[in-house]
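Below is one structure, written out as structure tokens, with a few remarks after it.
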Amino acid sequence: MPVTAPALIIPVETKVREFDAKLLFSCVAAEAGHRVVFGSQRNIHLRIDSLPRGVYLTKDVRASKLRVFDILGDLGTAIVGWDEEGLVRYPSAHYFKMRVSPEALARVALWFAWGAEDAATMRTFPAFPGTPIHTVGNPRVDVLRRELRPYYDPEVNALRERFGRFVLINTNFGHSNHFLAKYTVRTEEFKEEMGEKDTSWDRDLAVHRDAMFRHFQAMIPALARALPGTTIVVRPHPSEGDEVWRAAAAGAANVQVVHEGSVLPWLLAADVLVHNGCTTAVEAFLLDRPAVTYKPIVSERFDRHLPDGLSVEAPDLDALVGEVESFVAGRDVAAVAAARRALLDRHIAPQGADLAAERVVRIVGEAGVEPTRGRAALAGQLKAKARAVQKLINTYVPGSKNWSVYEKRRFAATGQAEVEDRIARFSALLGRFGAVRAHALAEDVFEITT
């Protein structure tokens, strides 16, 4: 670690997905001597020119990041990162097309892989620039460790008191049911608006996902009728609208549609997870919780083999009801999981005594990643302010991805007391972070220091 550790900027795009893991990462970094800026990605970006020069942790290297990367380069802030969606993805050609920009990846000093499969895939990128790749796991795996599961006890206890025993259905149909209607891609509407993306792969994927979307809508009332004494909670993906699921559940007294909080306490509180190709199945496996993948249609091209492979497969409604009933009745999860462990080990780096967060912080220090004097600080500041103005205008534009209603769905309001409470929980369980403090810098943005 350098004598003066650089400031770290750690943005969170989707609170229910990343918040706790990146807060743990922030605590580890602060303990190691870094000044950390942590919080809402949107609000961090709005004031990026006023934040300390340091090291920025990107959540992906899509082309949409290039404008921010350009500003960071002008300001002298270095970039490291990982792909939040790099664990569960489609085949490489499609993944590279949608999520890896050659120009963006070339600006990243270090890349952190979830596991061997992730690292190997990135090295096959046709325009791979030789970025150092470190296979370290991810802080999102850290918060699933056995010793940290009590971190979620307050939420788990509240959910069990509220719902009793329940089955959790997680949906992931942003393609067909986006919260912002103009981003919904329905089979019958898949036309020229897709531009260069209008390929046979995209058309076929849209057909597949739209068909699965309709199967899930039909499945919910059928499962509710088959299990009248069991509460069923439908939890839409953060990018999805709720209305379709409320309509599917209409008239079923034992079904509730709820979108709130991290999925992890929901997984811990539920008797079983039902999904199709969802990352939450991987998280359930790591939490020793059962998952059933509902697969009324099968596609070698489009099925997500990691989450489905870690789950019990149900090819039709009768099989789904039987599998769900078996887990509600107390079926042994360990026996089901044992045969699937080898699949997981190819995708997630082995957990050791240290946290993935500690490995990342250590590697950043050993590699000497630090801010520079910047290419053109004034130009960067002007670009940042211009971008911020446009983003602020868009918060008032319904349907924009910056629309305030959608932003609040992705990152619910967070106060300093909540951050402090969660740091205290980590501290109590790990016996560290006693000197770590949080200070609000702006709405949903905090400085984490010792």
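Just so we're on the same page: first chain in the structure tokens is A, next is B, and so on; residues restart at 1 for each chain, and ligands are numbered from 1 in the order they show up.
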Expected answer as a ChimeraX atom specification: strand (DSSP E) residues in region 187-350 of chain A
/A:231-235,255-257,272-275,291-294,312-314
If you run DSSP on the backbone here, which positions in region 206-376 of chain A get alpha helix (DSSP H)? Please write them as a PDB file with N, CA and C atoms, in the first residue's frame.
ATOM      1  N   ALA A 206     -35.371 -12.148 -28.093  1.00  0.00           N
ATOM      2  CA  ALA A 206     -36.621 -11.484 -27.735  1.00  0.00           C
ATOM      3  C   ALA A 206     -37.787 -12.464 -27.768  1.00  0.00           C
ATOM      4  N   VAL A 207     -37.821 -13.318 -28.787  1.00  0.00           N
ATOM      5  CA  VAL A 207     -38.882 -14.325 -28.888  1.00  0.00           C
ATOM      6  C   VAL A 207     -38.840 -15.263 -27.684  1.00  0.00           C
ATOM      7  N   HIS A 208     -37.637 -15.742 -27.362  1.00  0.00           N
ATOM      8  CA  HIS A 208     -37.483 -16.672 -26.242  1.00  0.00           C
ATOM      9  C   HIS A 208     -37.896 -16.045 -24.919  1.00  0.00           C
ATOM     10  N   ARG A 209     -37.375 -14.856 -24.627  1.00  0.00           N
ATOM     11  CA  ARG A 209     -37.671 -14.222 -23.343  1.00  0.00           C
ATOM     12  C   ARG A 209     -39.140 -13.810 -23.244  1.00  0.00           C
ATOM     13  N   ASP A 210     -39.720 -13.378 -24.368  1.00  0.00           N
ATOM     14  CA  ASP A 210     -41.129 -12.991 -24.333  1.00  0.00           C
ATOM     15  C   ASP A 210     -42.007 -14.207 -24.065  1.00  0.00           C
ATOM     16  N   ALA A 211     -41.647 -15.338 -24.647  1.00  0.00           N
ATOM     17  CA  ALA A 211     -42.410 -16.564 -24.387  1.00  0.00           C
ATOM     18  C   ALA A 211     -42.288 -16.975 -22.926  1.00  0.00           C
ATOM     19  N   MET A 212     -41.067 -16.882 -22.382  1.00  0.00           N
ATOM     20  CA  MET A 212     -40.878 -17.232 -20.976  1.00  0.00           C
ATOM     21  C   MET A 212     -41.640 -16.269 -20.067  1.00  0.00           C
ATOM     22  N   PHE A 213     -41.667 -15.017 -20.438  1.00  0.00           N
ATOM     23  CA  PHE A 213     -42.404 -13.996 -19.699  1.00  0.00           C
ATOM     24  C   PHE A 213     -43.885 -14.376 -19.606  1.00  0.00           C
ATOM     25  N   ARG A 214     -44.460 -14.823 -20.717  1.00  0.00           N
ATOM     26  CA  ARG A 214     -45.872 -15.221 -20.703  1.00  0.00           C
ATOM     27  C   ARG A 214     -46.078 -16.475 -19.856  1.00  0.00           C
ATOM     28  N   HIS A 215     -45.128 -17.411 -19.910  1.00  0.00           N
ATOM     29  CA  HIS A 215     -45.228 -18.614 -19.072  1.00  0.00           C
ATOM     30  C   HIS A 215     -45.225 -18.240 -17.584  1.00  0.00           C
ATOM     31  N   PHE A 216     -44.387 -17.288 -17.202  1.00  0.00           N
ATOM     32  CA  PHE A 216     -44.335 -16.883 -15.795  1.00  0.00           C
ATOM     33  C   PHE A 216     -45.639 -16.210 -15.363  1.00  0.00           C
ATOM     34  N   GLN A 217     -46.234 -15.429 -16.251  1.00  0.00           N
ATOM     35  CA  GLN A 217     -47.508 -14.803 -15.905  1.00  0.00           C
ATOM     36  C   GLN A 217     -48.579 -15.864 -15.655  1.00  0.00           C
ATOM     37  N   ALA A 218     -48.583 -16.900 -16.478  1.00  0.00           N
ATOM     38  CA  ALA A 218     -49.566 -17.974 -16.297  1.00  0.00           C
ATOM     39  C   ALA A 218     -49.235 -18.840 -15.091  1.00  0.00           C
ATOM     40  N   MET A 219     -47.934 -18.967 -14.794  1.00  0.00           N
ATOM     41  CA  MET A 219     -47.504 -19.826 -13.695  1.00  0.00           C
ATOM     42  C   MET A 219     -47.951 -19.300 -12.332  1.00  0.00           C
ATOM     43  N   ILE A 220     -47.938 -18.001 -12.143  1.00  0.00           N
ATOM     44  CA  ILE A 220     -48.205 -17.441 -10.809  1.00  0.00           C
ATOM     45  C   ILE A 220     -49.597 -17.805 -10.291  1.00  0.00           C
ATOM     46  N   PRO A 221     -50.674 -17.544 -11.030  1.00  0.00           N
ATOM     47  CA  PRO A 221     -51.979 -17.964 -10.489  1.00  0.00           C
ATOM     48  C   PRO A 221     -52.130 -19.475 -10.375  1.00  0.00           C
ATOM     49  N   ALA A 222     -51.495 -20.212 -11.306  1.00  0.00           N
ATOM     50  CA  ALA A 222     -51.584 -21.677 -11.233  1.00  0.00           C
ATOM     51  C   ALA A 222     -50.893 -22.197  -9.977  1.00  0.00           C
ATOM     52  N   LEU A 223     -49.713 -21.657  -9.650  1.00  0.00           N
ATOM     53  CA  LEU A 223     -49.000 -22.071  -8.445  1.00  0.00           C
ATOM     54  C   LEU A 223     -49.789 -21.660  -7.205  1.00  0.00           C
ATOM     55  N   ALA A 224     -50.409 -20.496  -7.247  1.00  0.00           N
ATOM     56  CA  ALA A 224     -51.210 -20.036  -6.112  1.00  0.00           C
ATOM     57  C   ALA A 224     -52.390 -20.965  -5.858  1.00  0.00           C
ATOM     58  N   ARG A 225     -53.035 -21.437  -6.935  1.00  0.00           N
ATOM     59  CA  ARG A 225     -54.163 -22.361  -6.769  1.00  0.00           C
ATOM     60  C   ARG A 225     -53.702 -23.712  -6.246  1.00  0.00           C
ATOM     61  N   ALA A 226     -52.538 -24.154  -6.715  1.00  0.00           N
ATOM     62  CA  ALA A 226     -52.039 -25.463  -6.302  1.00  0.00           C
ATOM     63  C   ALA A 226     -51.548 -25.468  -4.856  1.00  0.00           C
ATOM     64  N   GLU A 243     -46.852  -3.715 -12.694  1.00  0.00           N
ATOM     65  CA  GLU A 243     -48.262  -3.833 -13.036  1.00  0.00           C
ATOM     66  C   GLU A 243     -48.622  -5.187 -13.634  1.00  0.00           C
ATOM     67  N   VAL A 244     -47.773  -5.701 -14.519  1.00  0.00           N
ATOM     68  CA  VAL A 244     -48.055  -6.999 -15.143  1.00  0.00           C
ATOM     69  C   VAL A 244     -48.167  -8.089 -14.089  1.00  0.00           C
ATOM     70  N   TRP A 245     -47.281  -8.035 -13.098  1.00  0.00           N
ATOM     71  CA  TRP A 245     -47.281  -9.065 -12.067  1.00  0.00           C
ATOM     72  C   TRP A 245     -48.463  -8.912 -11.127  1.00  0.00           C
ATOM     73  N   ARG A 246     -48.878  -7.691 -10.868  1.00  0.00           N
ATOM     74  CA  ARG A 246     -50.077  -7.486 -10.047  1.00  0.00           C
ATOM     75  C   ARG A 246     -51.310  -8.024 -10.785  1.00  0.00           C
ATOM     76  N   ALA A 247     -51.338  -7.821 -12.100  1.00  0.00           N
ATOM     77  CA  ALA A 247     -52.454  -8.343 -12.887  1.00  0.00           C
ATOM     78  C   ALA A 247     -52.459  -9.875 -12.872  1.00  0.00           C
ATOM     79  N   ALA A 248     -51.261 -10.475 -12.982  1.00  0.00           N
ATOM     80  CA  ALA A 248     -51.173 -11.940 -12.956  1.00  0.00           C
ATOM     81  C   ALA A 248     -51.625 -12.507 -11.621  1.00  0.00           C
ATOM     82  N   ALA A 249     -51.391 -11.751 -10.544  1.00  0.00           N
ATOM     83  CA  ALA A 249     -51.725 -12.220  -9.196  1.00  0.00           C
ATOM     84  C   ALA A 249     -53.137 -11.834  -8.775  1.00  0.00           C
ATOM     85  N   VAL A 263     -32.170  -8.497  -2.103  1.00  0.00           N
ATOM     86  CA  VAL A 263     -32.770  -9.823  -2.269  1.00  0.00           C
ATOM     87  C   VAL A 263     -32.247 -10.818  -1.236  1.00  0.00           C
ATOM     88  N   LEU A 264     -31.089 -10.543  -0.631  1.00  0.00           N
ATOM     89  CA  LEU A 264     -30.464 -11.564   0.227  1.00  0.00           C
ATOM     90  C   LEU A 264     -31.306 -11.924   1.440  1.00  0.00           C
ATOM     91  N   PRO A 265     -31.859 -10.962   2.206  1.00  0.00           N
ATOM     92  CA  PRO A 265     -32.733 -11.384   3.300  1.00  0.00           C
ATOM     93  C   PRO A 265     -33.983 -12.107   2.817  1.00  0.00           C
ATOM     94  N   TRP A 266     -34.467 -11.773   1.633  1.00  0.00           N
ATOM     95  CA  TRP A 266     -35.610 -12.490   1.075  1.00  0.00           C
ATOM     96  C   TRP A 266     -35.251 -13.951   0.820  1.00  0.00           C
ATOM     97  N   LEU A 267     -34.052 -14.188   0.285  1.00  0.00           N
ATOM     98  CA  LEU A 267     -33.619 -15.569   0.045  1.00  0.00           C
ATOM     99  C   LEU A 267     -33.470 -16.336   1.350  1.00  0.00           C
ATOM    100  N   LEU A 268     -32.913 -15.668   2.356  1.00  0.00           N
ATOM    101  CA  LEU A 268     -32.725 -16.322   3.651  1.00  0.00           C
ATOM    102  C   LEU A 268     -34.049 -16.619   4.343  1.00  0.00           C
ATOM    103  N   ALA A 269     -35.049 -15.775   4.111  1.00  0.00           N
ATOM    104  CA  ALA A 269     -36.335 -15.940   4.800  1.00  0.00           C
ATOM    105  C   ALA A 269     -37.268 -16.913   4.080  1.00  0.00           C
ATOM    106  N   THR A 280     -29.957 -14.477  -8.814  1.00  0.00           N
ATOM    107  CA  THR A 280     -30.323 -14.763  -7.422  1.00  0.00           C
ATOM    108  C   THR A 280     -30.240 -16.252  -7.098  1.00  0.00           C
ATOM    109  N   ALA A 281     -30.308 -17.104  -8.113  1.00  0.00           N
ATOM    110  CA  ALA A 281     -30.157 -18.537  -7.854  1.00  0.00           C
ATOM    111  C   ALA A 281     -28.736 -18.868  -7.417  1.00  0.00           C
ATOM    112  N   VAL A 282     -27.753 -18.145  -7.971  1.00  0.00           N
ATOM    113  CA  VAL A 282     -26.367 -18.326  -7.540  1.00  0.00           C
ATOM    114  C   VAL A 282     -26.219 -17.863  -6.097  1.00  0.00           C
ATOM    115  N   GLU A 283     -26.814 -16.726  -5.786  1.00  0.00           N
ATOM    116  CA  GLU A 283     -26.758 -16.221  -4.407  1.00  0.00           C
ATOM    117  C   GLU A 283     -27.463 -17.180  -3.459  1.00  0.00           C
ATOM    118  N   ALA A 284     -28.600 -17.743  -3.880  1.00  0.00           N
ATOM    119  CA  ALA A 284     -29.297 -18.718  -3.043  1.00  0.00           C
ATOM    120  C   ALA A 284     -28.415 -19.929  -2.773  1.00  0.00           C
ATOM    121  N   PHE A 285     -27.738 -20.421  -3.790  1.00  0.00           N
ATOM    122  CA  PHE A 285     -26.854 -21.578  -3.636  1.00  0.00           C
ATOM    123  C   PHE A 285     -25.770 -21.282  -2.605  1.00  0.00           C
ATOM    124  N   LEU A 286     -25.173 -20.104  -2.699  1.00  0.00           N
ATOM    125  CA  LEU A 286     -24.102 -19.735  -1.769  1.00  0.00           C
ATOM    126  C   LEU A 286     -24.626 -19.516  -0.352  1.00  0.00           C
ATOM    127  N   HIS A 305     -26.883 -21.021 -18.077  1.00  0.00           N
ATOM    128  CA  HIS A 305     -26.580 -22.347 -17.554  1.00  0.00           C
ATOM    129  C   HIS A 305     -26.061 -22.341 -16.116  1.00  0.00           C
ATOM    130  N   LEU A 306     -25.447 -21.261 -15.659  1.00  0.00           N
ATOM    131  CA  LEU A 306     -24.955 -21.264 -14.285  1.00  0.00           C
ATOM    132  C   LEU A 306     -26.099 -21.240 -13.271  1.00  0.00           C
ATOM    133  N   PRO A 307     -26.987 -20.241 -13.274  1.00  0.00           N
ATOM    134  CA  PRO A 307     -28.056 -20.263 -12.271  1.00  0.00           C
ATOM    135  C   PRO A 307     -28.999 -21.449 -12.443  1.00  0.00           C
ATOM    136  N   ASP A 308     -29.281 -21.827 -13.690  1.00  0.00           N
ATOM    137  CA  ASP A 308     -30.160 -22.974 -13.885  1.00  0.00           C
ATOM    138  C   ASP A 308     -29.479 -24.260 -13.433  1.00  0.00           C
ATOM    139  N   GLY A 309     -28.171 -24.363 -13.674  1.00  0.00           N
ATOM    140  CA  GLY A 309     -27.438 -25.564 -13.280  1.00  0.00           C
ATOM    141  C   GLY A 309     -27.286 -25.721 -11.786  1.00  0.00           C
ATOM    142  N   LEU A 317     -45.666 -27.204 -15.000  1.00  0.00           N
ATOM    143  CA  LEU A 317     -46.306 -26.754 -13.758  1.00  0.00           C
ATOM    144  C   LEU A 317     -46.428 -27.859 -12.721  1.00  0.00           C
ATOM    145  N   ASP A 318     -46.755 -29.068 -13.161  1.00  0.00           N
ATOM    146  CA  ASP A 318     -46.873 -30.169 -12.194  1.00  0.00           C
ATOM    147  C   ASP A 318     -45.542 -30.415 -11.496  1.00  0.00           C
ATOM    148  N   ALA A 319     -44.470 -30.424 -12.284  1.00  0.00           N
ATOM    149  CA  ALA A 319     -43.152 -30.627 -11.686  1.00  0.00           C
ATOM    150  C   ALA A 319     -42.792 -29.471 -10.766  1.00  0.00           C
ATOM    151  N   LEU A 320     -43.132 -28.260 -11.160  1.00  0.00           N
ATOM    152  CA  LEU A 320     -42.838 -27.096 -10.322  1.00  0.00           C
ATOM    153  C   LEU A 320     -43.551 -27.192  -8.987  1.00  0.00           C
ATOM    154  N   VAL A 321     -44.826 -27.516  -9.017  1.00  0.00           N
ATOM    155  CA  VAL A 321     -45.590 -27.645  -7.765  1.00  0.00           C
ATOM    156  C   VAL A 321     -44.963 -28.715  -6.880  1.00  0.00           C
ATOM    157  N   GLY A 322     -44.580 -29.836  -7.478  1.00  0.00           N
ATOM    158  CA  GLY A 322     -43.984 -30.909  -6.689  1.00  0.00           C
ATOM    159  C   GLY A 322     -42.663 -30.505  -6.062  1.00  0.00           C
ATOM    160  N   GLU A 323     -41.810 -29.853  -6.819  1.00  0.00           N
ATOM    161  CA  GLU A 323     -40.516 -29.437  -6.282  1.00  0.00           C
ATOM    162  C   GLU A 323     -40.693 -28.387  -5.185  1.00  0.00           C
ATOM    163  N   VAL A 324     -41.547 -27.418  -5.421  1.00  0.00           N
ATOM    164  CA  VAL A 324     -41.781 -26.380  -4.413  1.00  0.00           C
ATOM    165  C   VAL A 324     -42.342 -27.000  -3.139  1.00  0.00           C
ATOM    166  N   GLU A 325     -43.318 -27.879  -3.284  1.00  0.00           N
ATOM    167  CA  GLU A 325     -43.909 -28.525  -2.106  1.00  0.00           C
ATOM    168  C   GLU A 325     -42.857 -29.293  -1.320  1.00  0.00           C
ATOM    169  N   SER A 326     -41.917 -29.931  -2.025  1.00  0.00           N
ATOM    170  CA  SER A 326     -40.913 -30.722  -1.322  1.00  0.00           C
ATOM    171  C   SER A 326     -40.014 -29.844  -0.458  1.00  0.00           C
ATOM    172  N   PHE A 327     -39.675 -28.664  -0.949  1.00  0.00           N
ATOM    173  CA  PHE A 327     -38.824 -27.775  -0.161  1.00  0.00           C
ATOM    174  C   PHE A 327     -39.608 -27.094   0.957  1.00  0.00           C
ATOM    175  N   VAL A 328     -40.869 -26.773   0.709  1.00  0.00           N
ATOM    176  CA  VAL A 328     -41.702 -26.224   1.774  1.00  0.00           C
ATOM    177  C   VAL A 328     -41.834 -27.248   2.903  1.00  0.00           C
ATOM    178  N   VAL A 333     -31.576 -29.518   1.592  1.00  0.00           N
ATOM    179  CA  VAL A 333     -30.924 -28.701   0.569  1.00  0.00           C
ATOM    180  C   VAL A 333     -29.512 -29.188   0.292  1.00  0.00           C
ATOM    181  N   ALA A 334     -28.799 -29.616   1.313  1.00  0.00           N
ATOM    182  CA  ALA A 334     -27.399 -30.012   1.160  1.00  0.00           C
ATOM    183  C   ALA A 334     -27.252 -31.161   0.168  1.00  0.00           C
ATOM    184  N   ALA A 335     -28.159 -32.120   0.222  1.00  0.00           N
ATOM    185  CA  ALA A 335     -28.079 -33.270  -0.680  1.00  0.00           C
ATOM    186  C   ALA A 335     -28.270 -32.830  -2.124  1.00  0.00           C
ATOM    187  N   VAL A 336     -29.139 -31.846  -2.337  1.00  0.00           N
ATOM    188  CA  VAL A 336     -29.395 -31.341  -3.681  1.00  0.00           C
ATOM    189  C   VAL A 336     -28.178 -30.577  -4.200  1.00  0.00           C
ATOM    190  N   ALA A 337     -27.510 -29.838  -3.305  1.00  0.00           N
ATOM    191  CA  ALA A 337     -26.420 -28.948  -3.715  1.00  0.00           C
ATOM    192  C   ALA A 337     -25.118 -29.677  -3.994  1.00  0.00           C
ATOM    193  N   ALA A 338     -24.880 -30.790  -3.357  1.00  0.00           N
ATOM    194  CA  ALA A 338     -23.573 -31.432  -3.412  1.00  0.00           C
ATOM    195  C   ALA A 338     -23.103 -31.693  -4.841  1.00  0.00           C
ATOM    196  N   ARG A 341     -21.679 -28.431  -6.937  1.00  0.00           N
ATOM    197  CA  ARG A 341     -20.615 -27.574  -6.435  1.00  0.00           C
ATOM    198  C   ARG A 341     -19.526 -27.313  -7.482  1.00  0.00           C
ATOM    199  N   ALA A 342     -19.183 -28.329  -8.255  1.00  0.00           N
ATOM    200  CA  ALA A 342     -18.099 -28.177  -9.229  1.00  0.00           C
ATOM    201  C   ALA A 342     -18.421 -27.105 -10.258  1.00  0.00           C
ATOM    202  N   LEU A 343     -19.698 -26.993 -10.630  1.00  0.00           N
ATOM    203  CA  LEU A 343     -20.105 -25.958 -11.583  1.00  0.00           C
ATOM    204  C   LEU A 343     -19.823 -24.577 -11.013  1.00  0.00           C
ATOM    205  N   LEU A 344     -20.160 -24.366  -9.766  1.00  0.00           N
ATOM    206  CA  LEU A 344     -19.942 -23.067  -9.132  1.00  0.00           C
ATOM    207  C   LEU A 344     -18.460 -22.726  -9.069  1.00  0.00           C
ATOM    208  N   ASP A 345     -17.630 -23.707  -8.772  1.00  0.00           N
ATOM    209  CA  ASP A 345     -16.194 -23.457  -8.583  1.00  0.00           C
ATOM    210  C   ASP A 345     -15.518 -22.944  -9.848  1.00  0.00           C
ATOM    211  N   ALA A 356     -12.862 -11.100  -0.605  1.00  0.00           N
ATOM    212  CA  ALA A 356     -12.576 -10.613  -1.956  1.00  0.00           C
ATOM    213  C   ALA A 356     -12.301  -9.112  -1.908  1.00  0.00           C
ATOM    214  N   ALA A 357     -13.012  -8.390  -1.052  1.00  0.00           N
ATOM    215  CA  ALA A 357     -12.787  -6.950  -0.904  1.00  0.00           C
ATOM    216  C   ALA A 357     -11.352  -6.662  -0.487  1.00  0.00           C
ATOM    217  N   GLU A 358     -10.808  -7.482   0.406  1.00  0.00           N
ATOM    218  CA  GLU A 358      -9.421  -7.285   0.838  1.00  0.00           C
ATOM    219  C   GLU A 358      -8.450  -7.547  -0.300  1.00  0.00           C
ATOM    220  N   ARG A 359      -8.741  -8.531  -1.128  1.00  0.00           N
ATOM    221  CA  ARG A 359      -7.863  -8.832  -2.262  1.00  0.00           C
ATOM    222  C   ARG A 359      -7.834  -7.657  -3.238  1.00  0.00           C
ATOM    223  N   VAL A 360      -9.000  -7.085  -3.507  1.00  0.00           N
ATOM    224  CA  VAL A 360      -9.062  -5.964  -4.442  1.00  0.00           C
ATOM    225  C   VAL A 360      -8.275  -4.775  -3.903  1.00  0.00           C
ATOM    226  N   VAL A 361      -8.497  -4.437  -2.643  1.00  0.00           N
ATOM    227  CA  VAL A 361      -7.789  -3.299  -2.047  1.00  0.00           C
ATOM    228  C   VAL A 361      -6.284  -3.541  -2.057  1.00  0.00           C
ATOM    229  N   ARG A 362      -5.880  -4.750  -1.730  1.00  0.00           N
ATOM    230  CA  ARG A 362      -4.451  -5.075  -1.698  1.00  0.00           C
ATOM    231  C   ARG A 362      -3.834  -4.963  -3.090  1.00  0.00           C
ATOM    232  N   ILE A 363      -4.519  -5.471  -4.105  1.00  0.00           N
ATOM    233  CA  ILE A 363      -3.981  -5.452  -5.469  1.00  0.00           C
ATOM    234  C   ILE A 363      -3.891  -4.027  -6.000  1.00  0.00           C
ATOM    235  N   VAL A 364      -4.889  -3.214  -5.711  1.00  0.00           N
ATOM    236  CA  VAL A 364      -4.828  -1.806  -6.137  1.00  0.00           C
ATOM    237  C   VAL A 364      -3.583  -1.142  -5.550  1.00  0.00           C
ATOM    238  N   GLY A 365      -3.308  -1.440  -4.275  1.00  0.00           N
ATOM    239  CA  GLY A 365      -2.125  -0.867  -3.641  1.00  0.00           C
ATOM    240  C   GLY A 365      -0.831  -1.403  -4.209  1.00  0.00           C
ATOM    241  N   GLU A 366      -0.753  -2.715  -4.387  1.00  0.00           N
ATOM    242  CA  GLU A 366       0.481  -3.326  -4.899  1.00  0.00           C
ATOM    243  C   GLU A 366       0.772  -2.910  -6.334  1.00  0.00           C
TER     244      GLU A 366
END
Quick one: of A:His347, A:Arg99, A:Lys15, A:Lys391, who's nearest to Pro238 (chain A), counting only C-alpha atoms?
A:Lys15
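Minimum atom-to-atom distance to His94 (chain A), evaluated using only C-alpha atoms, belongs to A:Arg301 out of A:Ala7, A:Phe69, A:Arg301, A:Gly76.
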Check the smallest atom-to-atom distance from each of A:Ser262, A:Gln351, A:Thr131, A:Ser50 to Val80 (chain A) using only C-alpha atoms, then report the winner.
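Checking each candidate against Val80 (chain A), we get A:Thr131 as the closest.
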To one decimal place in Å, what is the distance between CA of Val61 (chain A) and CA of Asn43 (chain A)?
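If I compute the distance from CA of Val61 (chain A) to CA of Asn43 (chain A), I get 19.3 Å.
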Would you list the contacts of Val28 (chain A) as a ChimeraX atom specification, taking every protein, DNA or RNA residue within 12 Å and counting only C-alpha atoms, but skipping same-chain residues closer than 4 positions in sequence?
/A:8,21-24,32-36,139,142,354-362,423,426-427,430,432-437,448-450
Report, in Å to a single decimal, how far apart CA of Gly54 (chain A) and CA of Ala386 (chain A) are.
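It comes out at 21.5 Å.
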Cut-off 9 Å: closest region 127-208 of chain A/region 104-107 of chain A atom pairs per residue, using only C-alpha atoms, as JSON lines:
{"residue": "A:Phe128", "atom": "CA", "partner": "A:Leu105", "partner_atom": "CA", "distance": 7.8}
{"residue": "A:Pro129", "atom": "CA", "partner": "A:Ala106", "partner_atom": "CA", "distance": 5.9}
{"residue": "A:Gly130", "atom": "CA", "partner": "A:Ala106", "partner_atom": "CA", "distance": 8.4}
{"residue": "A:Thr131", "atom": "CA", "partner": "A:Ala106", "partner_atom": "CA", "distance": 7.2}
Keeping C-alpha atoms, export the residues of the selection given above as a CSV table (one decimal), in the first residue's frame.
chain,number,residue,atom,x,y,z
A,128,PHE,CA,-8.5,-7.2,-25.5
A,129,PRO,CA,-5.8,-4.6,-24.7
A,130,GLY,CA,-3.8,-6.7,-22.2
A,131,THR,CA,-5.4,-5.2,-19.1
Go through region 173-278 of chain A and flag each residue having an atom no more than 12 Å from region 407-422 of chain A; for those, report the closest pair of atoms plus their distance in Å to one decimal, using only C-alpha atoms, ordered by chain and rising number, as JSON lines.
{"residue": "A:Phe179", "atom": "CA", "partner": "A:Arg409", "partner_atom": "CA", "distance": 9.3}
{"residue": "A:Leu180", "atom": "CA", "partner": "A:Glu407", "partner_atom": "CA", "distance": 11.1}
{"residue": "A:Pro236", "atom": "CA", "partner": "A:Arg409", "partner_atom": "CA", "distance": 11.4}
{"residue": "A:His237", "atom": "CA", "partner": "A:Arg410", "partner_atom": "CA", "distance": 10.0}
{"residue": "A:Pro238", "atom": "CA", "partner": "A:Arg410", "partner_atom": "CA", "distance": 6.2}
{"residue": "A:Ser239", "atom": "CA", "partner": "A:Arg410", "partner_atom": "CA", "distance": 7.7}
{"residue": "A:Glu240", "atom": "CA", "partner": "A:Arg409", "partner_atom": "CA", "distance": 9.8}
{"residue": "A:Gly241", "atom": "CA", "partner": "A:Arg409", "partner_atom": "CA", "distance": 10.1}
{"residue": "A:Asp242", "atom": "CA", "partner": "A:Arg409", "partner_atom": "CA", "distance": 11.3}
{"residue": "A:His259", "atom": "CA", "partner": "A:Arg409", "partner_atom": "CA", "distance": 8.9}
{"residue": "A:Glu260", "atom": "CA", "partner": "A:Arg409", "partner_atom": "CA", "distance": 8.9}
{"residue": "A:Gly261", "atom": "CA", "partner": "A:Ala412", "partner_atom": "CA", "distance": 8.9}
{"residue": "A:Ser262", "atom": "CA", "partner": "A:Phe411", "partner_atom": "CA", "distance": 11.1}
Could you save the residues just selected, with C-alpha atoms, as a tab-separated table (two decimals), in the first residue's frame?
chain	number	residue	atom	x	y	z
A	179	PHE	CA	-40.20	-0.13	-16.00
A	180	LEU	CA	-39.72	2.44	-18.77
A	236	PRO	CA	-39.90	-8.07	-9.83
A	237	HIS	CA	-36.43	-7.19	-11.07
A	238	PRO	CA	-35.50	-3.54	-10.35
A	239	SER	CA	-35.66	-2.75	-14.07
A	240	GLU	CA	-39.18	-4.13	-14.41
A	241	GLY	CA	-42.63	-2.67	-13.92
A	242	ASP	CA	-44.90	-4.19	-11.27
A	259	HIS	CA	-40.20	-4.77	-4.70
A	260	GLU	CA	-38.12	-3.61	-1.76
A	261	GLY	CA	-34.74	-4.12	-0.14
A	262	SER	CA	-31.82	-6.39	-0.95
Neighbours of Leu382 (chain A) within 12 Å (only C-alpha atoms; same-chain residues fewer than 2 positions away dropped), as a list of chain:residue names?
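Using only C-alpha atoms, the neighbours found are A:Arg47, A:Ile48, A:Asp49, A:Ser50, A:Asp70, A:Ile71, A:Leu72, A:Asp74, A:Leu75, A:Ala376, A:Ala377, A:Leu378, A:Ala379, A:Gly380, A:Ala384, A:Lys385, A:Ala386, A:Arg387, A:Ala388, A:Val389.
For the residues A:Val369, A:Ser26, A:Val233, A:Leu148, ranking by smallest atom-to-atom distance to Pro6 (chain A) using only C-alpha atoms places A:Val369 first.
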